[in-house]
Each structure stands twice: as structure tokens, then as C-alpha cells.
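As stored in upload16.json (JSON, C-alpha atoms):
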```
[["chain", "number", "residue", "atom", "x", "y", "z"],
["A", 184, "MET", "CA", 139.43, 101.01, 149.31],
["A", 185, "GLN", "CA", 142.90, 101.98, 148.02],
["A", 186, "CYS", "CA", 141.43, 102.48, 144.60],
["A", 187, "PHE", "CA", 138.63, 104.63, 146.03],
["A", 188, "LYS", "CA", 141.17, 106.79, 147.93],
["A", 189, "SER", "CA", 143.28, 107.26, 144.84],
["A", 190, "PHE", "CA", 140.18, 108.16, 142.78],
["A", 191, "PHE", "CA", 139.13, 110.67, 145.45],
["A", 192, "LYS", "CA", 142.62, 112.23, 145.52],
["A", 193, "ARG", "CA", 142.74, 112.42, 141.74],
["A", 194, "GLY", "CA", 139.20, 113.85, 141.73],
["A", 195, "ARG", "CA", 140.23, 116.66, 144.04],
["A", 196, "TYR", "CA", 143.28, 117.28, 141.84],
["A", 197, "TYR", "CA", 141.10, 117.53, 138.71],
["A", 198, "LEU", "CA", 138.63, 119.74, 140.56],
["A", 199, "ARG", "CA", 141.42, 122.14, 141.58],
["A", 200, "LEU", "CA", 142.90, 122.00, 138.10],
["A", 201, "SER", "CA", 139.57, 122.80, 136.44],
["A", 202, "LEU", "CA", 138.89, 125.60, 138.93],
["A", 203, "GLY", "CA", 142.34, 127.02, 138.22],
["A", 204, "VAL", "CA", 141.88, 126.82, 134.47],
["A", 205, "GLY", "CA", 138.43, 128.41, 134.82],
["A", 206, "LEU", "CA", 139.80, 131.29, 136.88],
["A", 207, "ILE", "CA", 142.64, 131.83, 134.43],
["A", 208, "GLY", "CA", 140.08, 131.87, 131.63],
["A", 209, "ILE", "CA", 137.89, 134.42, 133.41],
["A", 210, "THR", "CA", 140.76, 136.77, 134.21],
["A", 211, "SER", "CA", 142.83, 136.10, 131.11],
["A", 212, "PHE", "CA", 141.90, 139.26, 129.23],
["A", 213, "ASN", "CA", 142.91, 141.66, 131.99],
["A", 214, "SER", "CA", 145.94, 139.67, 133.13],
["A", 215, "CYS", "CA", 147.21, 139.34, 129.54],
["A", 216, "THR", "CA", 146.83, 143.09, 129.08],
["A", 217, "GLN", "CA", 148.61, 143.67, 132.39],
["A", 218, "VAL", "CA", 151.46, 141.30, 131.48],
["A", 219, "LEU", "CA", 151.82, 143.12, 128.18],
["A", 220, "ALA", "CA", 151.89, 146.50, 129.96],
["A", 221, "ASP", "CA", 154.45, 145.20, 132.47],
["A", 222, "GLU", "CA", 156.62, 143.87, 129.63],
["A", 223, "ILE", "CA", 156.54, 147.20, 127.82],
["A", 224, "THR", "CA", 157.43, 149.16, 130.98],
["A", 225, "GLN", "CA", 160.25, 146.71, 131.78],
["A", 226, "GLU", "CA", 161.61, 146.91, 128.26],
["A", 227, "ALA", "CA", 161.44, 150.68, 128.28],
["A", 228, "SER", "CA", 163.22, 150.92, 131.67],
["A", 229, "SER", "CA", 166.31, 149.33, 130.12],
["A", 230, "ARG", "CA", 166.46, 152.12, 127.51],
["A", 231, "PRO", "CA", 168.86, 154.99, 128.24],
["A", 232, "GLY", "CA", 167.20, 158.14, 129.54],
["A", 233, "TYR", "CA", 163.78, 156.57, 130.17],
["A", 234, "VAL", "CA", 163.97, 156.44, 134.00],
["A", 235, "GLU", "CA", 165.31, 160.02, 134.18],
["A", 236, "PHE", "CA", 162.49, 161.09, 131.87],
["A", 237, "LEU", "CA", 159.87, 159.58, 134.21],
["A", 238, "LYS", "CA", 161.29, 161.62, 137.09],
["A", 239, "GLU", "CA", 160.38, 164.82, 135.24],
["A", 240, "PHE", "CA", 156.67, 164.25, 135.85],
["A", 241, "ARG", "CA", 154.64, 164.87, 138.95],
["A", 242, "CYS", "CA", 152.21, 162.26, 140.19],
["A", 243, "VAL", "CA", 148.96, 164.24, 139.94],
["A", 244, "THR", "CA", 147.31, 162.07, 142.61],
["A", 245, "CYS", "CA", 150.13, 162.48, 145.16],
["A", 246, "PRO", "CA", 151.83, 165.79, 144.25],
["A", 247, "ASN", "CA", 154.99, 165.28, 146.32],
["A", 248, "GLN", "CA", 156.14, 162.29, 144.29],
["A", 249, "ASN", "CA", 157.31, 161.89, 140.74],
["A", 250, "ILE", "CA", 155.59, 159.22, 138.66],
["A", 251, "MET", "CA", 158.68, 157.00, 138.80],
["A", 252, "ASP", "CA", 158.34, 156.63, 142.58],
["A", 253, "SER", "CA", 154.55, 156.62, 142.73],
["A", 254, "SER", "CA", 152.36, 153.54, 142.70],
["A", 255, "ALA", "CA", 149.10, 155.51, 142.32],
["A", 256, "PRO", "CA", 146.91, 154.14, 139.49],
["A", 257, "VAL", "CA", 147.10, 157.38, 137.46],
["A", 258, "ALA", "CA", 150.92, 157.36, 137.79],
["A", 259, "GLN", "CA", 150.98, 153.71, 136.66],
["A", 260, "ALA", "CA", 148.82, 154.57, 133.65],
["A", 261, "MET", "CA", 151.16, 157.46, 132.81],
["A", 262, "LYS", "CA", 154.21, 155.19, 133.07],
["A", 263, "GLU", "CA", 152.62, 152.61, 130.78],
["A", 264, "GLU", "CA", 151.57, 155.26, 128.26],
["A", 265, "ILE", "CA", 155.06, 156.81, 128.27],
["A", 266, "ALA", "CA", 156.66, 153.34, 127.93],
["A", 267, "ARG", "CA", 154.38, 152.49, 124.98],
["A", 268, "ARG", "CA", 155.20, 155.76, 123.24],
["A", 269, "TRP", "CA", 158.92, 155.44, 124.10],
["A", 270, "GLU", "CA", 159.02, 151.94, 122.60],
["A", 271, "GLN", "CA", 157.23, 153.18, 119.48],
["A", 272, "GLY", "CA", 160.07, 155.66, 119.04],
["A", 273, "GLU", "CA", 158.27, 158.86, 119.98],
["A", 274, "SER", "CA", 160.60, 161.65, 121.04],
["A", 275, "PRO", "CA", 160.66, 162.82, 124.68],
["A", 276, "GLU", "CA", 159.44, 166.24, 123.47],
["A", 277, "THR", "CA", 156.31, 164.73, 121.87],
["A", 278, "ILE", "CA", 155.53, 162.64, 124.96],
["A", 279, "ARG", "CA", 156.07, 165.68, 127.20],
["A", 280, "ALA", "CA", 153.75, 167.72, 124.97],
["A", 281, "PHE", "CA", 151.06, 165.01, 125.23],
["A", 282, "LEU", "CA", 151.12, 165.05, 129.05],
["A", 283, "LEU", "CA", 151.26, 168.85, 129.14],
["A", 284, "ALA", "CA", 148.18, 168.98, 126.90],
["A", 285, "GLN", "CA", 146.26, 166.76, 129.35],
["A", 286, "TYR", "CA", 147.46, 168.15, 132.67],
["A", 287, "GLY", "CA", 149.13, 171.52, 132.04],
["A", 288, "ASP", "CA", 152.30, 172.73, 133.78],
["A", 289, "TYR", "CA", 151.18, 171.03, 136.98],
["A", 290, "VAL", "CA", 152.42, 167.68, 135.68],
["A", 291, "LEU", "CA", 156.01, 168.93, 135.35],
["A", 292, "TYR", "CA", 158.04, 168.37, 138.47],
["A", 293, "ARG", "CA", 160.43, 171.10, 137.31],
["A", 294, "PRO", "CA", 158.25, 173.92, 135.96],
["A", 295, "ALA", "CA", 159.41, 175.59, 132.74],
["A", 296, "LEU", "CA", 161.14, 178.97, 133.03],
["A", 297, "LYS", "CA", 158.56, 181.47, 131.79],
["A", 298, "GLY", "CA", 156.74, 184.66, 132.82],
["A", 299, "GLN", "CA", 154.64, 183.03, 135.55],
["A", 300, "THR", "CA", 157.55, 181.12, 137.04],
["A", 301, "TYR", "CA", 160.38, 183.73, 137.01],
["A", 302, "LEU", "CA", 159.91, 184.49, 140.71],
["A", 303, "LEU", "CA", 159.89, 180.77, 141.54],
["A", 304, "TRP", "CA", 163.18, 180.17, 139.72],
["A", 305, "LEU", "CA", 164.98, 183.43, 140.45],
["A", 306, "GLY", "CA", 163.56, 184.08, 143.95],
["A", 307, "PRO", "CA", 166.17, 182.00, 145.84],
["A", 308, "PHE", "CA", 169.05, 183.68, 143.98],
["A", 309, "LEU", "CA", 167.58, 187.12, 144.64],
["A", 310, "MET", "CA", 167.28, 186.27, 148.33],
["A", 311, "LEU", "CA", 170.86, 185.00, 148.39],
["A", 312, "CYS", "CA", 172.03, 188.25, 146.79],
["A", 313, "ALA", "CA", 170.00, 190.27, 149.32],
["A", 314, "GLY", "CA", 171.57, 188.23, 152.14],
["A", 315, "PHE", "CA", 175.09, 188.95, 150.82],
["A", 316, "ALA", "CA", 174.27, 192.65, 150.43],
["A", 317, "ILE", "CA", 173.03, 192.85, 154.03],
["A", 318, "TRP", "CA", 176.07, 190.92, 155.29],
["A", 319, "PHE", "CA", 178.45, 193.15, 153.32],
["A", 320, "LYS", "CA", 176.73, 196.31, 154.55],
["A", 321, "MET", "CA", 176.68, 195.14, 158.18],
["A", 322, "SER", "CA", 180.32, 194.04, 158.13],
["A", 323, "ARG", "CA", 181.33, 197.46, 156.77],
["A", 324, "THR", "CA", 179.25, 199.26, 159.39],
["A", 325, "LEU", "CA", 180.73, 197.10, 162.19],
["A", 326, "ARG", "CA", 184.27, 197.69, 160.89],
["A", 327, "GLY", "CA", 183.56, 201.41, 160.87],
["A", 328, "THR", "CA", 182.41, 201.42, 164.50],
["A", 329, "ARG", "CA", 185.38, 199.32, 165.75],
["A", 330, "PRO", "CA", 187.52, 201.32, 168.24],
["B", 244, "MET", "CA", 167.31, 210.84, 163.66],
["B", 245, "ASN", "CA", 166.59, 211.95, 160.13],
["B", 246, "VAL", "CA", 164.49, 210.52, 157.30],
["B", 247, "PHE", "CA", 167.52, 208.65, 155.87],
["B", 248, "THR", "CA", 168.05, 206.66, 159.12],
["B", 249, "HIS", "CA", 164.34, 205.84, 159.17],
["B", 250, "SER", "CA", 164.39, 204.53, 155.60],
["B", 251, "LYS", "CA", 167.46, 202.39, 156.40],
["B", 252, "ARG", "CA", 165.37, 200.51, 158.95],
["B", 253, "LEU", "CA", 162.16, 200.74, 156.99],
["B", 254, "ILE", "CA", 163.41, 198.98, 153.86],
["B", 255, "PRO", "CA", 164.53, 195.73, 155.57],
["B", 256, "ALA", "CA", 161.33, 195.76, 157.63],
["B", 257, "LEU", "CA", 159.25, 196.15, 154.47],
["B", 258, "LEU", "CA", 161.18, 193.34, 152.78],
["B", 259, "ILE", "CA", 160.52, 191.06, 155.76],
["B", 260, "VAL", "CA", 156.81, 191.97, 155.76],
["B", 261, "LEU", "CA", 156.65, 191.33, 152.00],
["B", 262, "PHE", "CA", 158.35, 187.95, 152.41],
["B", 263, "MET", "CA", 156.01, 186.98, 155.25],
["B", 264, "ALA", "CA", 153.00, 188.01, 153.13],
["B", 265, "LEU", "CA", 154.28, 185.79, 150.31],
["B", 266, "LEU", "CA", 154.59, 182.82, 152.68],
["B", 267, "TRP", "CA", 151.14, 183.55, 154.13],
["B", 268, "LYS", "CA", 149.63, 183.60, 150.63],
["B", 269, "GLY", "CA", 151.38, 180.29, 149.90],
["B", 270, "LEU", "CA", 149.64, 178.68, 152.86],
["B", 271, "TYR", "CA", 146.24, 179.34, 151.33],
["B", 272, "ALA", "CA", 147.14, 178.89, 147.68],
["B", 273, "GLN", "CA", 145.37, 176.11, 145.79],
["B", 274, "LYS", "CA", 147.71, 173.16, 145.97],
["B", 275, "THR", "CA", 145.60, 170.61, 144.20],
["B", 276, "TYR", "CA", 145.26, 170.20, 140.46],
["B", 277, "ALA", "CA", 142.58, 172.43, 138.99],
["B", 278, "PRO", "CA", 140.41, 170.69, 136.36],
["B", 279, "LYS", "CA", 141.17, 172.15, 132.98],
["B", 280, "HIS", "CA", 138.76, 170.09, 130.94],
["B", 281, "ASP", "CA", 135.68, 172.27, 131.22],
["B", 282, "ASP", "CA", 134.52, 173.32, 127.76],
["B", 283, "SER", "CA", 136.77, 170.95, 125.84],
["B", 284, "HIS", "CA", 135.67, 167.97, 123.78],
["B", 285, "PHE", "CA", 135.28, 164.54, 125.34],
["B", 286, "PRO", "CA", 138.18, 162.49, 123.96],
["B", 287, "ALA", "CA", 137.66, 159.77, 121.36],
["B", 288, "PHE", "CA", 137.80, 156.17, 122.59],
["B", 289, "THR", "CA", 137.14, 152.57, 121.57],
["B", 290, "LEU", "CA", 136.45, 150.42, 124.61],
["B", 291, "GLN", "CA", 134.59, 147.27, 125.51],
["B", 292, "ASP", "CA", 131.47, 147.32, 127.66],
["B", 293, "ALA", "CA", 132.50, 145.48, 130.84],
["B", 294, "ARG", "CA", 129.09, 143.78, 130.98],
["B", 295, "THR", "CA", 129.18, 142.52, 127.41],
["B", 296, "PRO", "CA", 132.86, 142.24, 126.36],
["B", 297, "GLN", "CA", 131.90, 141.43, 122.76],
["B", 298, "LYS", "CA", 130.28, 144.87, 122.51],
["B", 299, "THR", "CA", 132.66, 147.69, 121.58],
["B", 300, "ILE", "CA", 131.62, 151.25, 122.32],
["B", 301, "THR", "CA", 133.09, 154.30, 120.63],
["B", 302, "LEU", "CA", 132.52, 158.02, 121.00],
["B", 303, "ALA", "CA", 130.27, 157.80, 117.92],
["B", 304, "ASP", "CA", 127.74, 155.82, 120.01],
["B", 305, "LEU", "CA", 127.29, 158.92, 122.17],
["B", 306, "LYS", "CA", 127.07, 161.40, 119.31],
["B", 307, "GLY", "CA", 124.26, 163.92, 119.66],
["B", 308, "LYS", "CA", 123.49, 162.92, 123.25],
["B", 309, "SER", "CA", 124.07, 164.84, 126.44],
["B", 310, "TYR", "CA", 125.30, 162.54, 129.17],
["B", 311, "ILE", "CA", 127.21, 162.09, 132.38],
["B", 312, "ALA", "CA", 130.57, 160.28, 132.28],
["B", 313, "HIS", "CA", 131.57, 158.89, 135.63],
["B", 314, "VAL", "CA", 135.07, 157.46, 136.23],
["B", 315, "TRP", "CA", 135.23, 155.01, 139.11],
["B", 316, "ALA", "CA", 136.68, 151.68, 140.27],
["B", 317, "SER", "CA", 135.79, 148.82, 142.57],
["B", 318, "TRP", "CA", 139.11, 149.26, 144.41],
["B", 319, "CYS", "CA", 138.16, 152.85, 145.28],
["B", 320, "SER", "CA", 136.31, 152.92, 148.62],
["B", 321, "VAL", "CA", 134.99, 156.45, 148.04],
["B", 322, "CYS", "CA", 133.44, 155.26, 144.76],
["B", 323, "ILE", "CA", 131.72, 152.34, 146.47],
["B", 324, "LYS", "CA", 130.22, 154.70, 149.07],
["B", 325, "GLU", "CA", 129.18, 157.06, 146.28],
["B", 326, "HIS", "CA", 127.59, 154.32, 144.16],
["B", 327, "LYS", "CA", 124.15, 154.43, 145.84],
["B", 328, "GLN", "CA", 123.93, 158.14, 144.92],
["B", 329, "TRP", "CA", 124.26, 157.27, 141.24],
["B", 330, "VAL", "CA", 121.64, 154.54, 141.54],
["B", 331, "ALA", "CA", 119.29, 157.08, 143.19],
["B", 332, "ILE", "CA", 120.10, 159.74, 140.54],
["B", 333, "ALA", "CA", 119.47, 157.32, 137.65],
["B", 334, "ASN", "CA", 116.18, 156.19, 139.23],
["B", 335, "LYS", "CA", 114.92, 159.70, 139.90],
["B", 336, "TRP", "CA", 116.01, 161.48, 136.73],
["B", 337, "SER", "CA", 116.63, 158.71, 134.20],
["B", 338, "VAL", "CA", 119.66, 160.53, 132.77],
["B", 339, "PRO", "CA", 122.21, 158.66, 130.64],
["B", 340, "VAL", "CA", 125.19, 157.87, 132.84],
["B", 341, "VAL", "CA", 128.24, 156.34, 131.17],
["B", 342, "GLY", "CA", 130.32, 154.47, 133.72],
["B", 343, "ILE", "CA", 134.06, 154.22, 133.07],
["B", 344, "ILE", "CA", 135.76, 151.62, 135.24],
["B", 345, "TYR", "CA", 139.33, 152.76, 135.67],
["B", 346, "ARG", "CA", 142.17, 150.19, 135.78],
["B", 347, "ASP", "CA", 139.82, 147.60, 137.20],
["B", 348, "ASN", "CA", 138.70, 144.04, 136.63],
["B", 349, "PRO", "CA", 135.09, 143.48, 135.46],
["B", 350, "ASN", "CA", 135.00, 140.39, 137.70],
["B", 351, "ASP", "CA", 135.32, 142.70, 140.69],
["B", 352, "VAL", "CA", 132.90, 145.29, 139.34],
["B", 353, "LEU", "CA", 129.97, 143.20, 138.11],
["B", 354, "PRO", "CA", 129.13, 141.57, 141.48],
["B", 355, "LEU", "CA", 128.98, 145.07, 143.00],
["B", 356, "LEU", "CA", 126.52, 146.22, 140.35],
["B", 357, "GLY", "CA", 124.48, 143.05, 140.88],
["B", 358, "LYS", "CA", 124.33, 143.74, 144.60],
["B", 359, "PHE", "CA", 123.80, 147.52, 144.72],
["B", 360, "GLY", "CA", 122.21, 148.30, 141.32],
["B", 361, "ASP", "CA", 123.47, 149.27, 137.89],
["B", 362, "PRO", "CA", 122.77, 152.88, 136.89],
["B", 363, "TYR", "CA", 124.91, 152.84, 133.73],
["B", 364, "LEU", "CA", 123.92, 153.13, 130.09],
["B", 365, "TYR", "CA", 127.37, 151.86, 129.11],
["B", 366, "LEU", "CA", 130.09, 150.53, 131.38],
["B", 367, "LEU", "CA", 133.37, 151.24, 129.60],
["B", 368, "ASN", "CA", 136.32, 149.11, 130.62],
["B", 369, "ASP", "CA", 139.30, 151.49, 130.71],
["B", 370, "PHE", "CA", 141.69, 148.81, 131.92],
["B", 371, "SER", "CA", 144.84, 150.49, 130.64],
["B", 372, "GLY", "CA", 143.75, 153.93, 131.91],
["B", 373, "THR", "CA", 144.29, 155.49, 128.46],
["B", 374, "LEU", "CA", 140.88, 157.18, 128.33],
["B", 375, "GLY", "CA", 141.55, 158.43, 131.87],
["B", 376, "LEU", "CA", 144.81, 159.99, 130.70],
["B", 377, "HIS", "CA", 143.11, 161.69, 127.76],
["B", 378, "LEU", "CA", 140.52, 163.01, 130.20],
["B", 379, "GLY", "CA", 143.31, 164.26, 132.46],
["B", 380, "ILE", "CA", 142.00, 162.46, 135.53],
["B", 381, "VAL", "CA", 143.75, 162.88, 138.88],
["B", 382, "GLY", "CA", 142.05, 160.09, 140.80],
["B", 383, "THR", "CA", 138.75, 158.31, 141.09],
["B", 384, "PRO", "CA", 135.92, 159.23, 141.35],
["B", 385, "GLU", "CA", 135.61, 161.97, 138.73],
["B", 386, "THR", "CA", 132.53, 163.07, 136.86],
["B", 387, "TYR", "CA", 132.04, 164.94, 133.58],
["B", 388, "VAL", "CA", 128.89, 166.46, 132.12],
["B", 389, "VAL", "CA", 129.01, 166.34, 128.33],
["B", 390, "ASP", "CA", 126.60, 168.28, 126.10],
["B", 391, "GLU", "CA", 125.09, 167.23, 122.78],
["B", 392, "GLU", "CA", 128.02, 168.69, 120.88],
["B", 393, "GLY", "CA", 130.38, 166.45, 122.81],
["B", 394, "LYS", "CA", 131.81, 169.30, 124.90],
["B", 395, "VAL", "CA", 132.63, 168.81, 128.57],
["B", 396, "GLN", "CA", 130.56, 171.48, 130.31],
["B", 397, "PHE", "CA", 131.32, 170.53, 133.88],
["B", 398, "HIS", "CA", 133.98, 168.48, 135.63],
["B", 399, "HIS", "CA", 133.90, 167.43, 139.25],
["B", 400, "LEU", "CA", 136.65, 165.80, 141.30],
["B", 401, "GLY", "CA", 135.47, 163.58, 144.14],
["B", 402, "PRO", "CA", 132.14, 162.00, 145.05],
["B", 403, "VAL", "CA", 128.81, 163.35, 143.80],
["B", 404, "ASN", "CA", 125.59, 163.50, 145.79],
["B", 405, "MET", "CA", 122.00, 164.27, 144.80],
["B", 406, "ASP", "CA", 122.29, 167.96, 145.81],
["B", 407, "LEU", "CA", 125.40, 168.52, 143.72],
["B", 408, "PHE", "CA", 123.88, 166.64, 140.80],
["B", 409, "GLU", "CA", 120.62, 168.61, 140.90],
["B", 410, "SER", "CA", 122.28, 171.99, 141.38],
["B", 411, "LYS", "CA", 125.26, 171.75, 139.00],
["B", 412, "MET", "CA", 124.81, 168.88, 136.55],
["B", 413, "LEU", "CA", 121.08, 168.55, 135.87],
["B", 414, "PRO", "CA", 120.67, 172.16, 134.61],
["B", 415, "ILE", "CA", 123.40, 171.54, 132.01],
["B", 416, "LEU", "CA", 121.70, 168.35, 130.82],
["B", 417, "LYS", "CA", 118.29, 170.07, 130.69],
["B", 418, "ASN", "CA", 119.67, 173.10, 128.82],
["B", 419, "SER", "CA", 121.44, 170.84, 126.42],
["B", 420, "ARG", "CA", 118.23, 168.92, 125.67],
["B", 421, "SER", "CA", 116.00, 171.98, 125.33],
["B", 422, "SER", "CA", 118.36, 173.83, 122.97]]
```
As C-alpha cells, please, write out the structure in this file.
Amino acid sequence: MQCFKSFFKRGRYYLRLSLGVGLIGITSFNSCTQVLADEITQEASSRPGYVEFLKEFRCVTCPNQNIMDSSAPVAQAMKEEIARRWEQGESPETIRAFLLAQYGDYVLYRPALKGQTYLLWLGPFLMLCAGFAIWFKMSRTLRGTRP
Amino acid sequence: MNVFTHSKRLIPALLIVLFMALLWKGLYAQKTYAPKHDDSHFPAFTLQDARTPQKTITLADLKGKSYIAHVWASWCSVCIKEHKQWVAIANKWSVPVVGIIYRDNPNDVLPLLGKFGDPYLYLLNDFSGTLGLHLGIVGTPETYVVDEEGKVQFHHLGPVNMDLFESKMLPILKNSRSS
């Protein structure tokens, strides 16, 4: 009886073991690729400037986040691609050019200063200047009317 | 009150109106990413077919064909709802549809195809999402219509139904074949 119990226990153990091995075998390709991708992104994140570089790019799936903070699949793919290129020694300019070629200016969290974006960049300063001008004018007018 | 006093009030009022108009325009401006891949070439790739991992597919396998490329994933609920549309489209029109499973596991995808039908000529396994990046995808599902010269003639973000397929995609495929 004892022997039977022990055989049964061991049988269940082998069954679980073989199921586990089988599952690992089935999923090995994808999990290996994922482990590799994770390793590359981890390695790259220890490099100076890499994390700051990631923050330059907008998550195209969720536009109010940069790809560093986003867990969207497209943002993950971008991070892995950037990490791969970063580890291969590509310059930030080349990587930026690659993403710009695929997604256009939209992918940049801080749009470049150019014809289409002058108003976007200079607008707040212009408004500040206008505010000062109005304040200056009003204070002079008020001073003039003081008894 | 002379014209000068009027203009002193008019200018700030005009500025405020202009500013409000700018904000109003911003409310209705297109905030989402606009597809830019119409009329550009479908990017080169070398990927495994998720159904037969020993089979590698490259862009050369699609040379000279007009086809639909559909990016989807089993983790995307919209794609699962959309799937029956693609089965119906493939049954009705027998057009070549290349499925691209995006950052997904074939073990999750294949049972779905077994259950609901498999409309795909090839089922490319874009596990890393590299092909997706070269396509400039924003999120699944996305669909591209590619002509015989390998040019993307139409790009659609979001799910496709029979009406959209017949009105926008089928004419491109037909034109491509007849030319």
C-alpha cells in the first residue's frame, strides 16, 4: 500500500514535470525572444542618456504618454527597437530619423521648431508679452487718472 | 468718442475673439495620428508563418500580387469581434489576405482560427513588432491594401466590415488585377 502511494505520488510528480516541460517547449520560441528583448532593454536602460531619449517620443497609441511611461504594445515594440539600435551603437540622430520616417512629427513629444510649429513654440511668449504690454498700459492709465 | 477711442477697445476685443477662435478650432482639430503610408511601398520582411513555423515568408513571396495585409492580435478584443468579417470576406470574394499577428503567441492565435475559421493566405508572426514599426502602426487592428507593384494604396485604422471592404478595398484589388 505504502509502495502504491509512493508510486502514485511520484507518478503525479512526473506527470506535472512532463506537462511543465511540454509547455516550456511549446512556448519556448516566443518566451526566448521575449527574454532576449527584455535583456536588451534592461542593458540599454543602464546606458547614459537612453531613458531621457525614450522620453522624447510620443506613444502613438496613447498620445498623452511618452513611450518610456507607456505599456502599450506599439510603445513596447518601439522601446525594444530603440534598445536594439542603441546597443548596436547607432546614434540617437539615426534612431530619431528612423522613427520620424515611420510616424512623422507626431511621434516627437517635443515638436521640432520649424515653419509649421512657430506659433506653437512662440505663442506663449507672445501672449506673455501682450499681457505685460496691457498691464504696463493699464498701470500708466491708472496712474494718470489718480487724483 | 472718436475713432481712436473705438480702436483702443476694438483691438483687445479682436485679439480675444481671435484667441477664442483658435481654441475653438483646436477643439475640432484631428488629434489622432493620420496614416501616412498610403502610396508607399510595403516594407520588406522575413517572418515565420505562425501555422507552420518552419516556413519562412518574405516580401518576395508576395511579389506581383495584390493583397490585403491585416495586422491583428488575439489579445485585441476588437480584432476578435472583427474576425468573422474577414472570414466572410474571404469566403465571398476569395481575395488573398495576409494576416500579421502582432506581438502575440501562436498558441493563443491558432485555437481561435480553428474555432472561428482561418481566412489567411499567410499568417505572419510579427512577435517583436518590427514589421509593425516599419508599417507605422498605431494599434491593432489595422489593414493595408497593397497593389501588384507592392505599393500601399489604402490604409485603414480600426475594424473592417463587409461594406467598408466592398466600397474602399475591393475596387483597388480589382483595378490592380485588371491593369
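Across A:Ile278, A:Leu237, A:Leu305, A:Leu325, the tightest approach to Thr224 in chain A is made by A:Leu237 when counting all atoms listed in the file.
Each of A:Ala260, A:Met251, A:Gly272, A:Phe240 was compared to His377 in chain B using only C-alpha atoms, and A:Ala260 turns out to be the nearest.
Taking only C-alpha atoms into account, Phe281 in chain A lies nearest to B:Gly379 out of the set B:Gly379, B:Gly307, B:Pro384, B:Pro362.
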Requested in this report: For range 263-269 of chain A, please output as a ChimeraX atom specification all residues within 12 Å (counting all atoms listed in the file; exclusion window: fewer than 5 positions along the same chain).
Outcome: /A:216-234,236-240,250-251,254,256-258,274-282 /B:346,370-377
Go ahead and write the residues just picked, C-alpha atoms, as a compact mmCIF listing (two decimals), in the frame of the given file.
```txt
# COMPACT_ATOMS: atom_id res chain seq x y z
CA THR A 216 146.83 143.09 129.08
CA GLN A 217 148.61 143.67 132.39
CA VAL A 218 151.46 141.30 131.48
CA LEU A 219 151.82 143.12 128.18
CA ALA A 220 151.89 146.50 129.96
CA ASP A 221 154.45 145.20 132.47
CA GLU A 222 156.62 143.87 129.63
CA ILE A 223 156.54 147.20 127.82
CA THR A 224 157.43 149.16 130.98
CA GLN A 225 160.25 146.71 131.78
CA GLU A 226 161.61 146.91 128.26
CA ALA A 227 161.44 150.68 128.28
CA SER A 228 163.22 150.92 131.67
CA SER A 229 166.31 149.33 130.12
CA ARG A 230 166.46 152.12 127.51
CA PRO A 231 168.86 154.99 128.24
CA GLY A 232 167.20 158.14 129.54
CA TYR A 233 163.78 156.57 130.17
CA VAL A 234 163.97 156.44 134.00
CA PHE A 236 162.49 161.09 131.87
CA LEU A 237 159.87 159.58 134.21
CA LYS A 238 161.29 161.62 137.09
CA GLU A 239 160.38 164.82 135.24
CA PHE A 240 156.67 164.25 135.85
CA ILE A 250 155.59 159.22 138.66
CA MET A 251 158.68 157.00 138.80
CA SER A 254 152.36 153.54 142.70
CA PRO A 256 146.91 154.14 139.49
CA VAL A 257 147.10 157.38 137.46
CA ALA A 258 150.92 157.36 137.79
CA SER A 274 160.60 161.65 121.04
CA PRO A 275 160.66 162.82 124.68
CA GLU A 276 159.44 166.24 123.47
CA THR A 277 156.31 164.73 121.87
CA ILE A 278 155.53 162.64 124.96
CA ARG A 279 156.07 165.68 127.20
CA ALA A 280 153.75 167.72 124.97
CA PHE A 281 151.06 165.01 125.23
CA LEU A 282 151.12 165.05 129.05
CA ARG B 346 142.17 150.19 135.78
CA PHE B 370 141.69 148.81 131.92
CA SER B 371 144.84 150.49 130.64
CA GLY B 372 143.75 153.93 131.91
CA THR B 373 144.29 155.49 128.46
CA LEU B 374 140.88 157.18 128.33
CA GLY B 375 141.55 158.43 131.87
CA LEU B 376 144.81 159.99 130.70
CA HIS B 377 143.11 161.69 127.76
```
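Here CA of Asp406 in chain B stands at a distance of 19.5 Å from CA of Tyr363 in chain B.
Residues in contact with Gly314 in chain A at 12 Å, where all atoms listed in the file are counted and same-chain residues fewer than 6 positions away are skipped, are listed as Pro307, Phe308, Lys320 and Met321 of chain A; Pro255, Leu258 and Ile259 of chain B.
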Query raised in the report: Counting all atoms listed in the file, which residues from chain B have an atom at most 12 Å from any atom of chain A, and could you show them as a ChimeraX atom specification?
Result: /B:251-252,254-255,258-259,262,265,269,273-280,283,285-286,291,293,296,315-316,318-319,345-351,368-384,400
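Note that the spacing between CA of Leu364 in chain B and CA of Gly401 in chain B amounts to 21.0 Å.
Reported to one decimal place, the separation of CA of Phe408 in chain B from CA of Ala331 in chain B is 10.9 Å.
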Coordinates of box centre and edge lengths for range 362-378 of chain B, 8 Å on every side, axis-aligned, as AutoDock Vina command-line options:
```
--center_x 133.8 --center_y 155.9 --center_z 132.3 --size_x 38.1 --size_y 30.2 --size_z 25.1
```
Query raised in the report: Can you list, as an NGL selection string, every protein, DNA or RNA residue that comes within 9 Å of range 308-311 of chain B when you count only C-alpha atoms, leaving out same-chain residues fewer than 2 positions away?
Result: :B and (304-306 or 313 or 338-342 or 386-393 or 412 or 415-417 or 419-420)
